[in-house]
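Pasting my_file_15.cif here (mmCIF, C-alpha atoms):
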data_upload
#
loop_
_atom_site.label_atom_id
_atom_site.label_comp_id
_atom_site.auth_asym_id
_atom_site.auth_seq_id
_atom_site.Cartn_x
_atom_site.Cartn_y
_atom_site.Cartn_z
CA MET A 1 68.89 -77.39 -48.66
CA PHE A 2 65.79 -79.12 -49.98
CA SER A 3 66.26 -82.44 -51.76
CA ILE A 4 64.14 -83.84 -54.57
CA ASP A 5 62.37 -86.07 -52.04
CA ASN A 6 61.41 -83.01 -49.98
CA TRP A 7 59.85 -81.29 -52.99
CA GLN A 8 58.03 -84.45 -54.03
CA GLU A 9 56.58 -84.74 -50.53
CA ILE A 10 55.44 -81.06 -50.62
CA PHE A 11 53.70 -81.44 -54.00
CA HIS A 12 52.11 -84.70 -52.90
CA THR A 13 50.72 -83.04 -49.79
CA ILE A 14 49.38 -80.11 -51.84
CA ARG A 15 47.64 -82.46 -54.31
CA LYS A 16 46.18 -84.48 -51.47
CA ASN A 17 44.85 -81.40 -49.61
CA LYS A 18 43.74 -79.09 -52.41
CA LEU A 19 40.97 -77.33 -50.45
CA ARG A 20 43.15 -76.66 -47.44
CA THR A 21 45.95 -75.41 -49.68
CA PHE A 22 43.55 -73.11 -51.54
CA LEU A 23 42.07 -71.71 -48.33
CA THR A 24 45.52 -71.09 -46.86
CA ALA A 25 46.75 -69.32 -50.00
CA PHE A 26 43.53 -67.29 -50.17
CA SER A 27 43.82 -66.25 -46.50
CA VAL A 28 47.41 -65.11 -46.93
CA SER A 29 46.59 -63.21 -50.14
CA TRP A 30 43.53 -61.57 -48.57
CA GLY A 31 45.58 -60.52 -45.54
CA ILE A 32 48.24 -58.93 -47.74
CA PHE A 33 45.55 -57.17 -49.82
CA MET A 34 43.84 -55.77 -46.72
CA LEU A 35 47.17 -54.57 -45.33
CA ILE A 36 47.98 -52.73 -48.56
CA PHE A 37 44.43 -51.33 -48.73
CA LEU A 38 44.44 -50.04 -45.16
CA LEU A 39 47.90 -48.51 -45.50
CA GLY A 40 46.78 -46.77 -48.71
CA ALA A 41 43.54 -45.57 -47.11
CA GLY A 42 45.42 -44.23 -44.09
CA ASP A 43 47.91 -42.41 -46.27
CA GLY A 44 45.07 -41.00 -48.41
CA LEU A 45 43.20 -39.80 -45.32
CA GLN A 46 46.33 -38.11 -43.99
CA ARG A 47 46.95 -36.37 -47.32
CA GLY A 48 43.30 -35.33 -47.45
CA VAL A 49 43.51 -33.76 -44.01
CA GLU A 50 46.72 -31.95 -44.93
CA TYR A 51 45.10 -30.60 -48.11
CA GLN A 52 41.94 -29.57 -46.26
CA PHE A 53 44.00 -27.36 -43.95
CA SER A 54 46.62 -26.32 -46.52
CA ASP A 55 45.06 -22.94 -47.26
CA ASP A 56 44.17 -21.92 -43.71
CA ALA A 57 46.10 -21.50 -40.50
CA THR A 58 45.56 -24.55 -38.28
CA ASN A 59 45.37 -22.29 -35.22
CA ARG A 60 42.49 -20.21 -36.53
CA ILE A 61 39.09 -19.31 -35.10
CA SER A 62 36.48 -17.94 -37.51
CA LEU A 63 33.23 -16.21 -36.57
CA ARG A 64 30.16 -15.38 -38.62
CA GLY A 65 26.94 -13.85 -37.41
CA GLY A 66 23.84 -16.05 -37.34
CA THR A 67 20.25 -15.85 -36.14
CA THR A 68 19.24 -16.39 -32.51
CA SER A 69 17.13 -19.43 -31.66
CA LYS A 70 16.48 -18.65 -27.98
CA PRO A 71 14.79 -15.75 -26.17
CA TYR A 72 17.15 -13.66 -24.08
CA LYS A 73 16.38 -10.81 -21.67
CA GLY A 74 13.11 -9.94 -23.35
CA THR A 75 14.43 -10.42 -26.90
CA ASN A 76 12.56 -12.93 -29.03
CA PRO A 77 14.28 -15.60 -31.14
CA GLY A 78 15.02 -14.75 -34.75
CA LYS A 79 17.30 -11.79 -34.10
CA ARG A 80 19.99 -11.42 -36.75
CA ILE A 81 23.54 -10.95 -35.41
CA SER A 82 25.75 -8.75 -37.60
CA PHE A 83 29.33 -7.83 -36.76
CA THR A 84 30.71 -4.30 -36.87
CA ASN A 85 34.10 -2.58 -36.79
CA GLU A 86 33.51 -2.00 -33.07
CA ASP A 87 33.18 -5.76 -32.49
CA PHE A 88 36.51 -6.22 -34.27
CA SER A 89 38.18 -3.58 -32.07
CA TYR A 90 36.75 -4.99 -28.84
CA ILE A 91 37.87 -8.53 -29.67
CA ASN A 92 41.33 -7.34 -30.69
CA GLU A 93 41.79 -5.25 -27.55
CA LEU A 94 40.08 -7.30 -24.84
CA ILE A 95 40.62 -10.96 -25.71
CA GLU A 96 44.02 -12.28 -24.62
CA GLY A 97 45.85 -14.87 -26.70
CA ILE A 98 45.04 -13.52 -30.16
CA ASP A 99 47.98 -13.44 -32.55
CA LYS A 100 46.75 -12.28 -36.00
CA ILE A 101 43.27 -10.89 -36.64
CA SER A 102 41.27 -9.72 -39.65
CA GLY A 103 37.73 -8.90 -40.61
CA ARG A 104 36.17 -9.67 -43.96
CA PHE A 105 33.72 -7.69 -46.05
CA TYR A 106 32.38 -9.48 -49.13
CA CYS A 107 31.62 -7.20 -52.07
CA TRP A 108 28.58 -9.17 -53.23
CA GLY A 109 27.35 -9.22 -56.77
CA GLU A 110 28.81 -9.75 -60.21
CA MET A 111 32.18 -8.02 -60.24
CA THR A 112 33.45 -7.52 -63.78
CA VAL A 113 37.13 -6.65 -63.68
CA ARG A 114 38.95 -5.13 -66.68
CA HIS A 115 42.45 -4.26 -67.73
CA GLY A 116 42.79 -2.91 -71.24
CA LYS A 117 40.79 -5.13 -73.58
CA LYS A 118 40.77 -8.13 -71.24
CA TYR A 119 38.06 -8.71 -68.65
CA SER A 120 36.61 -11.43 -66.44
CA SER A 121 34.62 -11.94 -63.22
CA PHE A 122 36.40 -12.26 -59.89
CA ASP A 123 35.54 -12.16 -56.18
CA VAL A 124 36.41 -8.93 -54.37
CA LEU A 125 37.00 -8.97 -50.60
CA GLY A 126 37.75 -6.22 -48.13
CA VAL A 127 40.30 -7.39 -45.53
CA HIS A 128 42.79 -6.22 -42.91
CA PRO A 129 46.58 -6.56 -43.40
CA GLU A 130 46.92 -9.68 -41.22
CA HIS A 131 44.46 -11.57 -43.41
CA ARG A 132 47.36 -12.85 -45.53
CA PHE A 133 48.84 -14.76 -42.58
CA ILE A 134 45.51 -16.30 -41.59
CA GLU A 135 44.84 -17.44 -45.18
CA LYS A 136 48.49 -18.37 -45.90
CA GLN A 137 48.67 -16.00 -48.86
CA ASN A 138 52.30 -15.71 -49.97
CA MET A 139 53.36 -12.63 -51.91
CA VAL A 140 55.18 -13.38 -55.16
CA GLN A 141 55.28 -9.75 -56.33
CA GLY A 142 54.86 -6.39 -54.66
CA ARG A 143 53.22 -6.13 -51.25
CA TYR A 144 49.99 -6.81 -49.40
CA ILE A 145 47.54 -4.30 -47.95
CA ASN A 146 49.00 -2.32 -45.02
CA GLU A 147 47.73 -0.07 -42.24
CA ILE A 148 48.24 3.11 -44.30
CA ASP A 149 45.94 1.66 -46.97
CA ILE A 150 43.36 0.96 -44.26
CA ASN A 151 43.60 4.38 -42.61
CA GLN A 152 43.48 6.31 -45.90
CA ARG A 153 40.89 4.05 -47.56
CA ARG A 154 43.16 3.69 -50.56
CA LYS A 155 41.85 2.10 -53.75
CA VAL A 156 44.59 -0.50 -53.99
CA ALA A 157 44.43 -4.26 -54.57
CA ALA A 158 46.46 -7.40 -53.96
CA ILE A 159 45.42 -9.95 -56.57
CA GLY A 160 45.75 -13.72 -56.97
CA THR A 161 47.85 -15.29 -59.69
CA LYS A 162 44.74 -16.45 -61.58
CA VAL A 163 43.56 -12.84 -61.74
CA VAL A 164 46.91 -11.96 -63.33
CA GLU A 165 46.46 -14.72 -65.90
CA GLY A 166 42.95 -13.52 -66.71
CA LEU A 167 43.73 -9.81 -67.11
CA PHE A 168 47.38 -9.38 -68.12
CA GLU A 169 49.59 -10.54 -70.95
CA ASP A 170 52.45 -12.87 -70.07
CA ASP A 171 55.14 -10.21 -70.46
CA VAL A 172 53.32 -7.53 -68.43
CA ASP A 173 54.20 -6.81 -64.80
CA PRO A 174 50.83 -6.19 -63.08
CA VAL A 175 52.27 -4.33 -60.07
CA GLY A 176 51.62 -0.62 -60.48
CA LYS A 177 48.96 -1.13 -63.15
CA TRP A 178 45.31 -0.13 -62.75
CA ILE A 179 42.33 -2.47 -62.98
CA ASP A 180 38.69 -1.47 -63.32
CA VAL A 181 36.20 -3.16 -60.95
CA ASN A 182 32.66 -2.36 -62.08
CA GLY A 183 33.77 1.09 -63.13
CA ILE A 184 35.97 1.82 -60.09
CA PRO A 185 39.78 1.93 -60.61
CA TYR A 186 42.15 0.11 -58.25
CA LYS A 187 45.94 0.15 -58.36
CA VAL A 188 47.56 -3.30 -58.18
CA ILE A 189 50.12 -3.30 -55.37
CA GLY A 190 50.93 -7.01 -55.22
CA VAL A 191 50.34 -10.55 -56.44
CA TYR A 192 49.86 -13.50 -54.10
CA GLU A 193 49.77 -17.29 -54.23
CA ASP A 194 47.43 -19.38 -52.07
CA PRO A 195 47.67 -23.16 -51.50
CA GLY A 196 43.86 -23.35 -51.38
CA GLY A 197 43.55 -23.73 -55.14
CA GLU A 198 42.11 -21.82 -58.09
CA GLY A 199 39.12 -20.40 -56.21
CA GLU A 200 41.38 -18.66 -53.70
CA LEU A 201 43.62 -17.38 -56.49
CA ARG A 202 40.69 -15.75 -58.32
CA ARG A 203 40.21 -13.18 -55.57
CA ILE A 204 41.01 -9.49 -55.34
CA MET A 205 41.85 -8.18 -51.87
CA ILE A 206 41.22 -4.51 -51.10
CA PRO A 207 41.42 -2.51 -47.83
CA ILE A 208 38.36 -3.29 -45.73
CA THR A 209 37.71 0.41 -45.05
CA CYS A 210 37.68 1.09 -48.79
CA ALA A 211 35.31 -1.84 -49.39
CA GLN A 212 32.89 -0.65 -46.70
CA LEU A 213 32.88 2.91 -48.07
CA THR A 214 32.68 2.02 -51.75
CA TYR A 215 30.12 -0.77 -51.54
CA ASN A 216 27.75 0.72 -48.97
CA GLY A 217 28.97 -1.42 -46.11
CA SER A 218 28.91 1.30 -43.45
CA ASN A 219 30.76 -0.32 -40.52
CA GLN A 220 29.57 -3.88 -41.20
CA LEU A 221 31.75 -7.01 -41.24
CA HIS A 222 30.70 -10.39 -42.61
CA ASN A 223 33.39 -12.38 -40.80
CA ILE A 224 35.93 -11.97 -38.04
CA MET A 225 38.82 -14.41 -37.90
CA PHE A 226 41.97 -14.67 -35.82
CA THR A 227 44.81 -17.01 -34.94
CA VAL A 228 45.68 -18.06 -31.40
CA GLY A 229 49.43 -18.69 -31.66
CA ALA A 230 50.59 -21.95 -30.06
CA ALA A 231 47.45 -22.35 -27.95
CA THR A 232 46.35 -25.87 -27.03
CA VAL A 233 42.83 -27.07 -27.74
CA GLU A 234 41.86 -26.23 -24.15
CA GLU A 235 43.39 -22.75 -24.40
CA SER A 236 41.71 -22.13 -27.76
CA LYS A 237 38.35 -23.16 -26.28
CA LYS A 238 38.88 -20.65 -23.47
CA ILE A 239 39.56 -17.89 -26.03
CA GLU A 240 36.52 -19.04 -28.02
CA ASN A 241 34.24 -18.88 -24.96
CA GLU A 242 35.55 -15.46 -23.91
CA THR A 243 34.91 -14.13 -27.43
CA ILE A 244 31.35 -15.47 -27.48
CA ALA A 245 30.72 -14.01 -24.02
CA LEU A 246 31.96 -10.60 -25.19
CA LEU A 247 29.79 -10.65 -28.31
CA SER A 248 26.74 -11.86 -26.38
CA LYS A 249 26.94 -8.81 -24.12
CA ARG A 250 27.32 -6.45 -27.06
CA HIS A 251 24.53 -7.97 -29.15
CA GLN A 252 22.25 -9.23 -26.37
CA PHE A 253 21.97 -12.95 -27.11
CA ASP A 254 22.26 -16.09 -25.00
CA PRO A 255 25.94 -17.20 -25.01
CA GLU A 256 24.69 -20.82 -25.05
CA ASP A 257 22.74 -20.20 -28.26
CA LYS A 258 24.75 -22.06 -30.90
CA LYS A 259 22.69 -20.54 -33.73
CA ALA A 260 23.54 -16.94 -32.83
CA ILE A 261 27.17 -17.23 -33.94
CA SER A 262 28.59 -19.63 -36.49
CA LEU A 263 32.05 -20.56 -35.18
CA TRP A 264 34.84 -22.76 -36.48
CA ASN A 265 37.80 -23.62 -34.25
CA SER A 266 40.47 -25.18 -36.49
CA VAL A 267 42.70 -25.98 -33.49
CA GLU A 268 40.07 -28.39 -32.21
CA THR A 269 39.14 -29.68 -35.66
CA PHE A 270 42.74 -30.26 -36.74
CA LYS A 271 43.49 -32.25 -33.57
CA LYS A 272 40.42 -34.46 -34.11
CA PHE A 273 41.52 -35.24 -37.66
CA ASN A 274 45.07 -35.96 -36.54
CA ASP A 275 43.87 -38.23 -33.74
CA MET A 276 41.65 -40.11 -36.19
#
Translate the structure of the given file into structure tokens.
Amino acid sequence: MFSIDNWQEIFHTIRKNKLRTFLTAFSVSWGIFMLIFLLGAGDGLQRGVEYQFSDDATNRISLRGGTTSKPYKGTNPGKRISFTNEDFSYINELIEGIDKISGRFYCWGEMTVRHGKKYSSFDVLGVHPEHRFIEKQNMVQGRYINEIDINQRRKVAAIGTKVVEGLFEDDVDPVGKWIDVNGIPYKVIGVYEDPGGEGELRRIMIPITCAQLTYNGSNQLHNIMFTVGAATVEESKKIENETIALLSKRHQFDPEDKKAISLWNSVETFKKFNDM
């Protein structure tokens, strides 16, 4: 228990050593401030990483064709690498460790979508059924694209919730209704949510075979993506290298040419962020 004499001695010492008292108080305050700042920054970085990966599977490998930068077996640099349905089939059948796989075909151009008197512009993508798991698209109504849709090239569509808001009245169930995409009718079979935000929710997913047929895609794919289950970083790198080796044989490019294929391995990237 402090007495009055103790307090008088403390105040006397403080008055006698004003600079030292100020510097001590400043040091303690600065230390507390930096601790709070660093804890906040660390928490913000963690939340940022979680958001960055919220709309994609963290065990995903994505591939997109590029342009070669090295000569290979008599082929000059500058060769454009484009994926096909055959590449998709070879990867799916020959590469071990793949869990879910999908191709993507982007229906480029201004896509005006109508229902009744309402219309707006949305992105239209051709995909395979397992695309929903890779992109973490959760169905809130109806169903997603299935293998029958793919095999029969059905004109059906799974649409994001923002598409529903843009085309349908609040009291209208969109499932079973028809929408017009640049003059072509598609039947809405389901509505999905996506944690990736508004841009992801303004998309219309149609069977990839229908997209290729309708929009002059032949057998072309713009992307191939797949998940690798519970693979470690080392195991995912092995799958990545085997996939590149397979594609290099099919398209005749140097497997060491990093420009030939644009590749993103989220297993590796996610671990780096977590370690940081």
To test your reading of the syntax: which residues would the PyMOL selection byres ((chain A and resi 260) around 12) return for the file shown? Reply as number ranges by chain.
A: 63-72, 77-83, 244-245, 247-248, 251-259, 261-263
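Relative to atom CA of A:Asp149, atom CA of A:Gln212 is found at 13.3 Å.
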Long-range neighbours of A:Gly103 as a ChimeraX atom specification, 9 Å cut-off, all atoms listed in the file, 4 positions minimum in chain
/A:85,88,126-128,131,208,221-226
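The space separating atom CA of A:Asn146 from atom CA of A:Ile179 comes to 19.2 Å.
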Hey, what's within 10 Å of A:Thr232 if we count all atoms listed in the file and toss same-chain stuff fewer than 6 positions away? As a PyMOL selection string, please?
chain A and resi 59+238+267-268+271
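With atom CA of A:Pro195 on one side and atom CA of A:Ser62 on the other, the separation reads 18.7 Å.
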If the PyMOL selection byres ((chain A and resi 159) around 6) is run on the structure shown, which residues does it catch, given as a list in words?
Ala158, Gly160, Val191 and Ile204 of chain A
Would you export the selected residues with C-alpha atoms as a tab-separated table (two decimals), in the coordinates of the input, please?
chain	number	residue	atom	x	y	z
A	158	ALA	CA	46.46	-7.40	-53.96
A	160	GLY	CA	45.75	-13.72	-56.97
A	191	VAL	CA	50.34	-10.55	-56.44
A	204	ILE	CA	41.01	-9.49	-55.34
Go through A:Val228, A:Leu246, A:Ala211, A:Met34 and flag the residue nearest A:Arg153, using all atoms listed in the file for the distances.
A:Ala211
For the file shown, what are the residues hit by the PyMOL selection byres ((chain A and resi 124) around 9), laid out as a ChimeraX atom specification?
/A:105-108,111,122-123,125-126,181,202-206,211
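Distances from A:Gly31, A:Trp264, A:Phe270, A:Val164 to A:Val233 were compared using all atoms listed in the file, and the smallest one belongs to A:Phe270.
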